[in-house]
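Novice: Sharing coords.cif below, mmCIF, C-alpha atoms and all ligand atoms:
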```
data_protein
#
loop_
_atom_site.label_atom_id
_atom_site.label_comp_id
_atom_site.auth_asym_id
_atom_site.auth_seq_id
_atom_site.Cartn_x
_atom_site.Cartn_y
_atom_site.Cartn_z
CA MET A 1 -0.65 27.84 -11.37
CA SER A 2 1.98 25.88 -9.51
CA SER A 3 3.97 27.67 -6.84
CA GLN A 4 7.70 27.07 -6.41
CA THR A 5 8.14 26.41 -2.71
CA THR A 6 10.29 28.85 -0.72
CA PRO A 7 13.42 27.73 1.23
CA SER A 8 12.53 26.07 4.52
CA ASN A 9 13.94 24.10 7.41
CA LEU A 10 12.72 20.84 5.91
CA MET A 11 15.28 18.19 4.97
CA ASN A 12 15.69 17.73 1.26
CA ASN A 13 14.80 14.04 1.01
CA TYR A 14 11.72 14.81 -1.10
CA GLY A 15 13.54 17.34 -3.29
CA THR A 16 11.83 20.51 -4.42
CA ARG A 17 8.08 20.30 -4.63
CA SER A 18 6.42 22.32 -7.32
CA LEU A 19 2.94 22.61 -5.87
CA GLU A 20 1.42 23.59 -2.54
CA ILE A 21 -1.90 21.94 -1.77
CA VAL A 22 -4.14 23.66 0.75
CA ARG A 23 -7.45 21.80 0.61
CA GLY A 24 -9.35 18.98 -1.03
CA GLU A 25 -12.90 17.92 -1.78
CA GLY A 26 -13.90 14.57 -3.25
CA MET A 27 -11.79 13.93 -6.35
CA TYR A 28 -10.21 17.38 -6.38
CA LEU A 29 -7.34 19.19 -4.69
CA TYR A 30 -6.82 22.96 -4.61
CA ASP A 31 -3.74 25.19 -4.37
CA ALA A 32 -3.50 28.49 -2.51
CA ALA A 33 -4.79 30.36 -5.57
CA ASP A 34 -7.80 28.02 -5.54
CA ARG A 35 -6.74 26.33 -8.76
CA GLN A 36 -8.43 22.94 -9.05
CA TYR A 37 -6.56 19.68 -9.72
CA LEU A 38 -8.17 16.37 -10.61
CA ASP A 39 -6.50 13.93 -8.23
CA PHE A 40 -5.32 10.63 -9.67
CA THR A 41 -2.72 10.16 -6.90
CA ALA A 42 -5.00 9.92 -3.83
CA GLY A 43 -2.00 10.84 -1.67
CA ILE A 44 -0.15 7.82 -3.17
CA ALA A 45 -3.01 5.33 -3.02
CA VAL A 46 -4.17 6.50 0.40
CA CYS A 47 -7.36 8.60 0.21
CA ALA A 48 -9.70 5.81 -0.87
CA LEU A 49 -12.82 7.83 -0.05
CA GLY A 50 -11.45 11.03 -1.54
CA HIS A 51 -10.84 14.31 0.25
CA ALA A 52 -12.89 15.79 3.09
CA HIS A 53 -15.26 12.82 3.05
CA PRO A 54 -18.14 13.68 5.42
CA ALA A 55 -18.19 10.32 7.27
CA VAL A 56 -14.41 10.45 7.75
CA ALA A 57 -14.57 14.05 8.98
CA GLU A 58 -17.42 13.11 11.32
CA ALA A 59 -15.50 10.15 12.79
CA LEU A 60 -12.41 12.32 13.23
CA THR A 61 -14.15 15.22 14.93
CA THR A 62 -16.26 13.01 17.18
CA GLN A 63 -13.22 11.02 18.23
CA ALA A 64 -11.10 14.17 18.71
CA GLN A 65 -13.75 15.48 21.10
CA THR A 66 -13.82 12.17 22.96
CA LEU A 67 -10.34 10.63 23.12
CA LEU A 68 -7.40 10.94 20.76
CA HIS A 69 -4.93 8.67 22.40
CA CYS A 70 -4.45 6.64 25.54
CA SER A 71 -1.64 4.17 24.52
CA ASN A 72 -1.69 0.42 24.25
CA LEU A 73 -1.52 0.12 28.02
CA TYR A 74 -5.31 0.06 27.83
CA GLU A 75 -7.99 -1.69 25.83
CA ILE A 76 -9.28 0.36 22.91
CA PRO A 77 -12.74 -0.73 21.72
CA GLN A 78 -12.32 0.71 18.20
CA GLN A 79 -9.13 -1.35 17.83
CA LYS A 80 -10.95 -4.55 18.72
CA GLN A 81 -13.80 -3.76 16.30
CA LEU A 82 -11.38 -3.05 13.48
CA ALA A 83 -9.37 -6.21 14.17
CA THR A 84 -12.57 -8.27 14.05
CA LYS A 85 -13.47 -6.81 10.65
CA LEU A 86 -10.00 -7.23 9.14
CA ALA A 87 -9.74 -10.79 10.44
CA ALA A 88 -13.13 -11.68 8.97
CA LEU A 89 -12.29 -10.13 5.60
CA SER A 90 -8.92 -11.88 5.37
CA GLY A 91 -9.63 -15.23 6.98
CA LEU A 92 -6.66 -14.58 9.27
CA ASP A 93 -6.98 -14.53 13.04
CA GLN A 94 -4.97 -11.91 14.92
CA VAL A 95 -4.16 -8.29 14.14
CA LEU A 96 -1.47 -5.88 15.34
CA PHE A 97 -1.74 -2.16 14.62
CA CYS A 98 1.08 0.23 13.84
CA ASN A 99 1.41 3.52 11.97
CA SER A 100 2.64 2.96 8.41
CA GLY A 101 3.40 0.43 5.71
CA THR A 102 7.07 0.14 6.49
CA GLU A 103 6.27 -0.47 10.15
CA ALA A 104 3.79 -3.17 9.21
CA ASN A 105 6.44 -4.94 7.13
CA GLU A 106 9.05 -4.41 9.83
CA ALA A 107 6.71 -6.11 12.31
CA ALA A 108 5.96 -8.92 9.84
CA LEU A 109 9.67 -9.52 9.35
CA LYS A 110 10.20 -9.69 13.11
CA LEU A 111 7.17 -11.92 13.55
CA ALA A 112 8.48 -14.36 10.93
CA ARG A 113 11.85 -14.63 12.64
CA LYS A 114 10.27 -14.88 16.07
CA TYR A 115 7.95 -17.64 14.85
CA ALA A 116 10.94 -19.62 13.59
CA ALA A 117 12.77 -19.02 16.86
CA THR A 118 9.84 -20.22 18.95
CA ARG A 119 9.81 -23.43 16.88
CA ASN A 120 13.51 -23.95 17.68
CA GLU A 121 14.44 -23.45 14.06
CA ALA A 122 17.56 -21.38 14.69
CA GLN A 123 18.72 -21.79 11.07
CA ARG A 124 15.52 -20.25 9.65
CA THR A 125 16.55 -16.60 9.50
CA GLN A 126 16.36 -15.69 5.82
CA ILE A 127 13.78 -13.31 4.38
CA VAL A 128 13.21 -13.56 0.63
CA SER A 129 11.74 -10.76 -1.47
CA LEU A 130 11.13 -10.31 -5.19
CA PRO A 131 12.96 -8.19 -7.73
CA GLY A 132 11.00 -4.96 -8.25
CA ALA A 133 9.57 -5.18 -4.73
CA PHE A 134 8.97 -2.20 -2.49
CA HIS A 135 8.34 -2.81 1.19
CA GLY A 136 9.38 0.46 2.84
CA ARG A 137 12.24 2.58 4.11
CA THR A 138 13.00 1.51 7.68
CA LEU A 139 16.08 -0.70 7.87
CA GLY A 140 14.33 -4.07 7.86
CA SER A 141 11.82 -3.16 5.15
CA LEU A 142 14.58 -1.46 3.16
CA SER A 143 16.67 -4.64 3.37
CA ILE A 144 13.89 -6.50 1.53
CA THR A 145 13.46 -3.69 -1.03
CA PRO A 146 16.15 -4.70 -3.52
CA LYS A 147 16.62 -1.36 -5.26
CA PRO A 148 20.17 0.05 -5.16
CA ALA A 149 18.94 3.66 -5.36
CA TYR A 150 17.07 3.16 -2.07
CA GLN A 151 19.67 0.95 -0.34
CA ASN A 152 22.87 2.83 -1.28
CA GLY A 153 24.68 4.37 1.67
CA TYR A 154 22.79 2.46 4.35
CA ALA A 155 25.05 -0.57 4.69
CA PRO A 156 25.19 -2.79 6.57
CA LEU A 157 21.58 -3.75 5.94
CA VAL A 158 19.74 -6.41 7.94
CA PRO A 159 21.52 -9.73 7.31
CA ASP A 160 19.95 -12.71 5.56
CA CYS A 161 17.65 -10.71 3.29
CA LEU A 162 17.79 -12.27 -0.18
CA SER A 163 16.39 -11.48 -3.58
CA GLY A 164 17.15 -12.89 -7.02
CA GLN A 165 17.74 -11.03 -10.26
CA THR A 166 14.65 -12.65 -11.80
CA LEU A 167 11.36 -13.86 -10.35
CA GLU A 168 12.28 -17.45 -11.21
CA GLU A 169 15.68 -17.13 -9.54
CA THR A 170 13.99 -15.81 -6.41
CA LEU A 171 11.82 -18.93 -6.28
CA ASP A 172 14.96 -21.05 -5.90
CA LEU A 173 16.07 -18.96 -2.93
CA ILE A 174 13.14 -20.17 -0.81
CA SER A 175 14.49 -23.01 1.31
CA GLU A 176 14.45 -24.60 4.76
CA ARG A 177 16.48 -21.56 5.86
CA THR A 178 13.70 -19.13 4.82
CA ALA A 179 11.62 -17.60 7.59
CA ALA A 180 9.35 -15.77 5.14
CA CYS A 181 8.90 -14.72 1.56
CA PHE A 182 7.31 -11.31 0.97
CA VAL A 183 5.22 -10.69 -2.15
CA GLU A 184 3.06 -7.91 -3.57
CA VAL A 185 0.22 -9.10 -5.82
CA VAL A 186 0.66 -5.93 -7.89
CA GLN A 187 4.06 -4.26 -7.56
CA GLY A 188 3.02 -0.64 -7.19
CA GLU A 189 6.26 1.25 -6.64
CA GLY A 190 7.92 -1.21 -9.02
CA GLY A 191 5.87 0.27 -11.89
CA VAL A 192 2.34 -1.15 -11.34
CA HIS A 193 3.06 -4.66 -12.53
CA PRO A 194 0.66 -7.43 -11.50
CA LEU A 195 2.52 -10.65 -10.73
CA PRO A 196 1.30 -13.60 -12.79
CA GLU A 197 -1.02 -15.85 -10.79
CA PRO A 198 0.95 -19.03 -11.65
CA LEU A 199 4.12 -17.46 -10.25
CA LEU A 200 2.33 -16.46 -7.04
CA GLN A 201 1.00 -20.00 -6.78
CA GLU A 202 4.49 -21.41 -7.28
CA ILE A 203 5.88 -19.16 -4.55
CA ALA A 204 3.09 -20.22 -2.20
CA GLN A 205 3.74 -23.88 -3.01
CA ARG A 206 7.49 -23.49 -2.43
CA CYS A 207 6.77 -21.78 0.91
CA ARG A 208 4.51 -24.66 1.94
CA GLU A 209 7.12 -27.27 0.92
CA THR A 210 9.94 -25.60 2.81
CA GLY A 211 7.98 -24.38 5.84
CA ALA A 212 8.57 -20.71 5.01
CA LEU A 213 5.82 -18.20 5.80
CA LEU A 214 4.09 -16.39 2.95
CA VAL A 215 3.71 -12.68 3.65
CA VAL A 216 1.48 -10.71 1.28
CA ASP A 217 2.23 -6.99 1.39
CA GLU A 218 -1.17 -5.35 0.79
CA VAL A 219 0.04 -1.91 1.86
CA GLN A 220 -0.79 -0.40 -1.54
CA THR A 221 -3.16 -3.00 -2.98
CA GLY A 222 -5.34 -3.54 0.10
CA VAL A 223 -8.57 -1.81 1.14
CA GLY A 224 -10.34 -2.29 -2.17
CA ARG A 225 -7.71 -0.74 -4.43
CA THR A 226 -7.76 -3.64 -6.93
CA GLY A 227 -11.52 -4.31 -6.83
CA THR A 228 -11.49 -6.90 -4.05
CA PHE A 229 -10.86 -5.95 -0.42
CA TYR A 230 -7.48 -7.71 -0.61
CA ALA A 231 -5.70 -8.14 -3.93
CA TYR A 232 -4.73 -11.74 -3.08
CA GLU A 233 -8.38 -12.90 -2.89
CA PRO A 234 -8.81 -13.81 -6.58
CA MET A 235 -5.29 -15.32 -6.66
CA ASN A 236 -6.33 -18.23 -4.43
CA LEU A 237 -3.49 -17.51 -2.03
CA ARG A 238 -3.59 -18.35 1.64
CA PRO A 239 -1.04 -16.02 3.23
CA ASP A 240 0.28 -16.62 6.73
CA ILE A 241 0.74 -12.89 7.24
CA VAL A 242 -0.78 -9.85 5.52
CA THR A 243 0.44 -6.29 5.94
CA MET A 244 -1.67 -3.17 5.33
CA ALA A 245 -1.50 0.62 5.67
CA LYS A 246 -2.12 3.40 3.11
CA GLY A 247 -5.88 3.31 2.38
CA LEU A 248 -6.90 1.95 5.75
CA ALA A 249 -7.80 5.28 7.40
CA ASN A 250 -8.02 7.59 4.35
CA GLY A 251 -4.92 9.54 5.35
CA VAL A 252 -4.83 9.19 9.12
CA PRO A 253 -1.61 7.23 9.71
CA ILE A 254 -2.21 3.57 10.49
CA GLY A 255 -0.75 0.20 9.58
CA ALA A 256 -1.78 -3.35 10.37
CA VAL A 257 -0.27 -6.83 10.45
CA LEU A 258 -2.66 -9.78 10.23
CA ALA A 259 -1.53 -13.33 10.94
CA ARG A 260 -2.68 -16.89 11.39
CA GLU A 261 -3.27 -17.69 15.06
CA GLU A 262 -0.32 -20.06 15.34
CA VAL A 263 2.05 -17.52 13.77
CA ALA A 264 0.66 -14.56 15.75
CA ALA A 265 1.24 -16.51 18.97
CA ALA A 266 4.98 -15.92 18.53
CA PHE A 267 4.39 -12.34 19.67
CA THR A 268 4.00 -12.56 23.44
CA PRO A 269 3.74 -9.60 25.87
CA GLY A 270 6.81 -7.41 25.38
CA SER A 271 7.87 -8.93 22.00
CA HIS A 272 6.87 -5.93 19.95
CA GLY A 273 5.09 -2.62 20.41
CA THR A 274 4.48 0.97 19.39
CA THR A 275 3.15 3.96 21.31
CA PHE A 276 0.70 5.27 18.72
CA GLY A 277 -0.26 2.07 16.88
CA GLY A 278 -4.01 1.62 16.58
CA ASN A 279 -4.92 4.64 18.70
CA PRO A 280 -8.61 5.61 19.08
CA LEU A 281 -8.38 8.35 16.43
CA ALA A 282 -6.86 6.19 13.69
CA THR A 283 -8.97 3.13 14.40
CA SER A 284 -12.26 5.03 14.62
CA VAL A 285 -11.62 6.44 11.13
CA ALA A 286 -10.41 3.07 9.81
CA ASN A 287 -13.66 1.46 10.97
CA VAL A 288 -15.59 3.90 8.79
CA VAL A 289 -13.31 3.29 5.80
CA VAL A 290 -13.46 -0.50 6.12
CA ASP A 291 -17.26 -0.49 6.52
CA THR A 292 -17.61 1.63 3.38
CA VAL A 293 -15.06 -0.10 1.16
CA SER A 294 -15.94 -3.69 2.08
CA ASP A 295 -19.52 -3.19 0.83
CA PRO A 296 -19.78 -5.44 -2.27
CA ALA A 297 -21.47 -2.61 -4.22
CA PHE A 298 -18.51 -0.33 -3.48
CA LEU A 299 -16.02 -2.98 -4.63
CA GLN A 300 -18.11 -3.55 -7.75
CA HIS A 301 -17.85 0.18 -8.47
CA VAL A 302 -14.04 -0.03 -8.15
CA SER A 303 -13.91 -2.91 -10.66
CA GLU A 304 -16.22 -1.14 -13.11
CA MET A 305 -14.34 2.15 -12.92
CA GLY A 306 -11.07 0.21 -13.22
CA ARG A 307 -12.19 -1.34 -16.49
CA TYR A 308 -13.31 2.05 -17.76
CA LEU A 309 -9.98 3.63 -16.78
CA GLN A 310 -8.03 0.80 -18.40
CA GLY A 311 -9.87 1.34 -21.69
CA LYS A 312 -9.07 5.06 -21.67
CA LEU A 313 -5.41 4.51 -20.77
CA GLU A 314 -4.88 2.24 -23.77
CA GLY A 315 -5.09 5.40 -25.88
CA LEU A 316 -2.69 7.44 -23.73
CA GLY A 317 0.40 5.25 -23.30
CA THR A 318 1.75 1.78 -23.91
CA GLU A 319 2.17 -1.30 -21.66
CA VAL A 320 -1.00 -0.51 -19.71
CA SER A 321 -1.02 -2.80 -16.69
CA GLY A 322 -2.67 -3.02 -13.32
CA ARG A 323 -5.91 -4.06 -11.70
CA GLY A 324 -8.94 -2.27 -10.25
CA LEU A 325 -8.08 1.38 -9.72
CA MET A 326 -4.33 0.86 -9.83
CA TYR A 327 -2.83 1.26 -13.28
CA GLY A 328 0.47 2.15 -14.87
CA ILE A 329 1.39 3.17 -18.40
CA THR A 330 4.72 3.58 -20.17
CA VAL A 331 5.56 6.99 -21.62
CA GLY A 332 8.76 8.56 -23.00
CA ASP A 333 9.60 10.60 -19.89
CA ALA A 334 7.43 9.96 -16.82
CA LYS A 335 8.53 13.04 -14.84
CA GLN A 336 7.86 15.32 -17.79
CA PHE A 337 4.47 13.66 -18.40
CA VAL A 338 3.48 14.20 -14.75
CA GLN A 339 4.65 17.83 -14.91
CA ASN A 340 2.67 18.45 -18.11
CA ALA A 341 -0.41 16.80 -16.60
CA GLN A 342 -0.09 19.05 -13.55
CA SER A 343 -0.11 22.12 -15.73
CA GLN A 344 -3.34 20.78 -17.28
CA GLY A 345 -4.80 20.41 -13.77
CA VAL A 346 -4.32 16.64 -13.34
CA LEU A 347 -2.19 15.07 -10.61
CA LEU A 348 -0.36 11.81 -11.35
CA THR A 349 2.75 10.07 -9.99
CA ALA A 350 5.82 8.80 -11.80
CA VAL A 351 7.06 5.37 -10.72
CA GLY A 352 10.38 4.95 -12.47
CA GLU A 353 11.71 6.84 -15.45
CA LYS A 354 9.06 5.75 -17.92
CA ARG A 355 6.07 4.61 -15.86
CA VAL A 356 3.19 6.80 -14.79
CA ARG A 357 0.80 5.56 -12.11
CA PHE A 358 -2.94 6.18 -11.86
CA VAL A 359 -4.34 5.53 -8.37
CA PRO A 360 -7.38 7.79 -7.95
CA PRO A 361 -9.62 7.84 -4.91
CA LEU A 362 -11.91 4.80 -5.19
CA ILE A 363 -14.94 7.11 -5.36
CA VAL A 364 -13.93 8.16 -8.90
CA GLU A 365 -16.79 8.32 -11.42
CA ALA A 366 -16.80 7.84 -15.21
CA ALA A 367 -17.08 11.62 -15.66
CA HIS A 368 -13.75 12.09 -13.82
CA ILE A 369 -12.10 9.51 -16.05
CA ASP A 370 -13.51 11.31 -19.12
CA GLU A 371 -12.08 14.56 -17.75
CA LEU A 372 -8.71 12.86 -17.23
CA GLU A 373 -8.70 11.57 -20.80
CA LYS A 374 -9.63 14.94 -22.24
CA LYS A 375 -6.91 16.78 -20.28
CA LEU A 376 -4.21 14.22 -21.01
CA LYS A 377 -5.06 14.13 -24.69
CA ALA A 378 -4.47 17.90 -24.72
CA LEU A 379 -0.86 17.49 -23.47
C1 LIG A 401 3.74 -2.29 -1.21
C2 LIG A 401 4.24 -1.28 -0.25
N1 LIG A 401 4.75 -1.68 0.93
C3 LIG A 401 5.20 -0.80 1.84
C4 LIG A 401 5.19 0.55 1.59
C5 LIG A 401 5.71 1.51 2.62
O1 LIG A 401 4.64 2.18 3.21
P1 LIG A 401 4.87 3.54 4.02
O2 LIG A 401 5.30 4.56 3.05
O3 LIG A 401 3.54 3.81 4.66
O4 LIG A 401 5.92 3.25 5.04
C6 LIG A 401 4.67 1.03 0.39
C7 LIG A 401 4.66 2.46 0.09
O5 LIG A 401 4.56 2.89 -1.03
C8 LIG A 401 4.18 0.09 -0.56
O6 LIG A 401 3.69 0.48 -1.74
#
```
Could I get this file's structure written as structure tokens?
Specialist:
Amino acid sequence: MSSQTTPSNLMNNYGTRSLEIVRGEGMYLYDAADRQYLDFTAGIAVCALGHAHPAVAEALTTQAQTLLHCSNLYEIPQQKQLATKLAALSGLDQVLFCNSGTEANEAALKLARKYAATRNEAQRTQIVSLPGAFHGRTLGSLSITPKPAYQNGYAPLVPDCLSGQTLEETLDLISERTAACFVEVVQGEGGVHPLPEPLLQEIAQRCRETGALLVVDEVQTGVGRTGTFYAYEPMNLRPDIVTMAKGLANGVPIGAVLAREEVAAAFTPGSHGTTFGGNPLATSVANVVVDTVSDPAFLQHVSEMGRYLQGKLEGLGTEVSGRGLMYGITVGDAKQFVQNAQSQGVLLTAVGEKRVRFVPPLIVEAAHIDELEKKLKAL
């Protein structure tokens, strides 16, 4: 069963964790007593190819025996290959690698301001984000994550970060003073709520009219999670900047910022950087993940399994919403639901007091979804 963790020297920012995971295989995780858990968290929408995937393990071990890290002082061939693939898949031109989602958004925020500065638009400093958004925990990304519980105690935040109370109100905030507006196509941490396509279109239109950049945060939705490689593809959006992380290297830390050539040109040598970003280890694994997930048959599988999951969830909670293999349901008490599921051998995440999120590895099969349904029905 679950083990209560013993006191440690770890800071308490994650609270007490009720389970110790020691290994994983495919769709399953195991505790120290070898109890099996069906994983519908995928390390919070990270392990797209599941656990201990042979091709990922092979890329990791080969690269570890060759070269782990050499810094961005030098050219890294795996980085170039990965950038070529991500550019082709997105229709954007240039890519910058970092180590996490928050870092990708931090870099996007800086790039947007730098782009305005290089165009002598000194007044264009504002960054607009949407209510319910989550963009990360570093100070810039936190400043565009308008959730008091996350922002409290960290004042002063980065200036000129604006967000309305409603989506419509936020639209009116986009002006000639806006450097960029950040959107998620499906708000994951906000409760797994897809944004309506007309609203996304309106935001894009308003950005075009005012000269603001449109940044699509694909940190959670990207790398096939919603059934297309990027969630914005079926929305007919043409972002200026896209940010990615989570699923990109199946658990090896990596983030990426993609931009149109003209926008990317605002970053000149010395403008931005990171020691680890895009190192040979992370990018060699990411190449394997991107090759696997971008296969149309793989994406088709995600869509099919997503529809199957959606159908099953209708019977387990209310307000079922999401896309692909990213769904949320409303229950009476999300934390309790997740705890009960864990005792049945199913791992889920709570996003908010009443929302439970289902983000399994993308390799999930119908039999796993049947197993999920059976176990959750027994709660
Ligand atoms: C949409 C989105 N953006 C950014 C982040 C932050 O990513 P990270 O935790 O890798 O910093 C997350 C994390 O949940 C996210 O869902």
Novice: Which residue is closest to A:Ala350? Choose from A:Ile44, A:Leu309, A:Val158, A:Leu195 and count only C-alpha atoms.
Specialist: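 The shortest atom-to-atom distance to A:Ala350 comes from A:Ile44.
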Novice: Can you find the residues with an atom no farther than 6 Å from (6.1, -6.2, 2.7), counting all atoms listed in the file, and report them as number ranges by chain?
Specialist: A: 105, 135, 182, 217
Novice: Quick one: residues within 9 Å of A:Leu281, all atoms listed in the file, excluding same-chain residues fewer than 2 positions away - as number ranges by chain?
Specialist: A: 59-60, 63-64, 67-69, 78, 252, 278-279, 283-286
Novice: Can you pull out every residue with an atom within 9 Å of ligand LIG 401 (chain A)? Use only C-alpha atoms and all ligand atoms and format it as a PyMOL selection string.
Specialist: chain A and resi 44-45+99-105+133-138+141+183-190+217-221+243-246+253-255
Novice: Would you list the residues near (12.8, -11.3, 3.0) (no more than 9 Å away, in the coordinates of the file, using all atoms listed in the file) as a VMD selection string?
Specialist: chain A and resid 109 126 to 130 140 to 141 143 to 145 160 to 163 178 to 182
Novice: Stretch 106-163 of chain A near stretch 352-368 of chain A within 12 Å: what's each residue's closest atom pair and its distance in Å to one decimal, counting all atoms listed in the file, ordered by chain then ascending residue number, as CSV?
Specialist:
```
residue,atom,partner,partner_atom,distance
A:Gly132,CA,A:Gly352,CA,10.8
A:Lys147,CA,A:Gly352,CA,11.4
A:Ala149,CA,A:Gly352,CA,11.2
```
Novice: Taking into account all atoms listed in the file, which residue in the set A:Gly24, A:Pro131, A:Gly91, A:Pro77 is nearest to A:Leu258?
Specialist: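 That would be A:Gly91, the residue with the smallest distance to A:Leu258.
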Novice: How far is it from atom CA of A:Leu96 to atom CA of A:Val351, in Å with one decimal?
Specialist: 29.6 Å
Novice: Using the structure just given, write a file holding all heavy atoms for stretch 327-334 of chain A, as a PDB file, in the first residue's frame.
Specialist:
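Generated file (result-v4.pdb):
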```
ATOM      1  N   TYR A 327      -7.904  15.164 -20.210  1.00  0.00           N
ATOM      2  CA  TYR A 327      -9.288  15.367 -19.819  1.00  0.00           C
ATOM      3  C   TYR A 327      -9.407  15.720 -18.352  1.00  0.00           C
ATOM      4  O   TYR A 327      -8.549  15.371 -17.537  1.00  0.00           O
ATOM      5  CB  TYR A 327     -10.137  14.109 -20.115  1.00  0.00           C
ATOM      6  CG  TYR A 327     -10.719  14.179 -21.501  1.00  0.00           C
ATOM      7  CD1 TYR A 327     -10.060  13.625 -22.584  1.00  0.00           C
ATOM      8  CD2 TYR A 327     -11.899  14.883 -21.728  1.00  0.00           C
ATOM      9  CE1 TYR A 327     -10.570  13.742 -23.868  1.00  0.00           C
ATOM     10  CE2 TYR A 327     -12.414  15.008 -23.006  1.00  0.00           C
ATOM     11  CZ  TYR A 327     -11.747  14.439 -24.065  1.00  0.00           C
ATOM     12  OH  TYR A 327     -12.248  14.574 -25.324  1.00  0.00           O
ATOM     13  N   GLY A 328     -10.472  16.439 -18.031  1.00  0.00           N
ATOM     14  CA  GLY A 328     -10.789  16.739 -16.642  1.00  0.00           C
ATOM     15  C   GLY A 328     -12.244  16.428 -16.379  1.00  0.00           C
ATOM     16  O   GLY A 328     -13.080  16.497 -17.292  1.00  0.00           O
ATOM     17  N   ILE A 329     -12.537  16.050 -15.138  1.00  0.00           N
ATOM     18  CA  ILE A 329     -13.929  15.848 -14.733  1.00  0.00           C
ATOM     19  C   ILE A 329     -14.148  16.579 -13.404  1.00  0.00           C
ATOM     20  O   ILE A 329     -13.188  16.837 -12.667  1.00  0.00           O
ATOM     21  CB  ILE A 329     -14.304  14.354 -14.554  1.00  0.00           C
ATOM     22  CG1 ILE A 329     -13.475  13.699 -13.426  1.00  0.00           C
ATOM     23  CG2 ILE A 329     -14.141  13.587 -15.852  1.00  0.00           C
ATOM     24  CD1 ILE A 329     -13.954  12.287 -13.071  1.00  0.00           C
ATOM     25  N   THR A 330     -15.401  16.899 -13.122  1.00  0.00           N
ATOM     26  CA  THR A 330     -15.734  17.519 -11.844  1.00  0.00           C
ATOM     27  C   THR A 330     -16.273  16.450 -10.897  1.00  0.00           C
ATOM     28  O   THR A 330     -17.121  15.644 -11.291  1.00  0.00           O
ATOM     29  CB  THR A 330     -16.777  18.636 -12.048  1.00  0.00           C
ATOM     30  OG1 THR A 330     -16.194  19.618 -12.907  1.00  0.00           O
ATOM     31  CG2 THR A 330     -17.163  19.295 -10.728  1.00  0.00           C
ATOM     32  N   VAL A 331     -15.743  16.464  -9.676  1.00  0.00           N
ATOM     33  CA  VAL A 331     -16.206  15.528  -8.636  1.00  0.00           C
ATOM     34  C   VAL A 331     -16.456  16.343  -7.363  1.00  0.00           C
ATOM     35  O   VAL A 331     -16.123  17.533  -7.307  1.00  0.00           O
ATOM     36  CB  VAL A 331     -15.141  14.426  -8.364  1.00  0.00           C
ATOM     37  CG1 VAL A 331     -14.910  13.569  -9.590  1.00  0.00           C
ATOM     38  CG2 VAL A 331     -13.836  15.035  -7.870  1.00  0.00           C
ATOM     39  N   GLY A 332     -16.995  15.713  -6.336  1.00  0.00           N
ATOM     40  CA  GLY A 332     -17.297  16.441  -5.091  1.00  0.00           C
ATOM     41  C   GLY A 332     -16.042  16.970  -4.417  1.00  0.00           C
ATOM     42  O   GLY A 332     -15.955  18.129  -4.037  1.00  0.00           O
ATOM     43  N   ASP A 333     -15.031  16.110  -4.284  1.00  0.00           N
ATOM     44  CA  ASP A 333     -13.796  16.484  -3.581  1.00  0.00           C
ATOM     45  C   ASP A 333     -12.634  15.836  -4.343  1.00  0.00           C
ATOM     46  O   ASP A 333     -12.410  14.629  -4.240  1.00  0.00           O
ATOM     47  CB  ASP A 333     -13.875  15.985  -2.128  1.00  0.00           C
ATOM     48  CG  ASP A 333     -12.626  16.324  -1.331  1.00  0.00           C
ATOM     49  OD1 ASP A 333     -11.575  16.587  -1.943  1.00  0.00           O
ATOM     50  OD2 ASP A 333     -12.704  16.317  -0.093  1.00  0.00           O
ATOM     51  N   ALA A 334     -11.918  16.660  -5.108  1.00  0.00           N
ATOM     52  CA  ALA A 334     -10.900  16.115  -6.018  1.00  0.00           C
ATOM     53  C   ALA A 334      -9.774  15.404  -5.269  1.00  0.00           C
ATOM     54  O   ALA A 334      -9.330  14.326  -5.667  1.00  0.00           O
ATOM     55  CB  ALA A 334     -10.338  17.228  -6.897  1.00  0.00           C
TER      56      ALA A 334
END
```
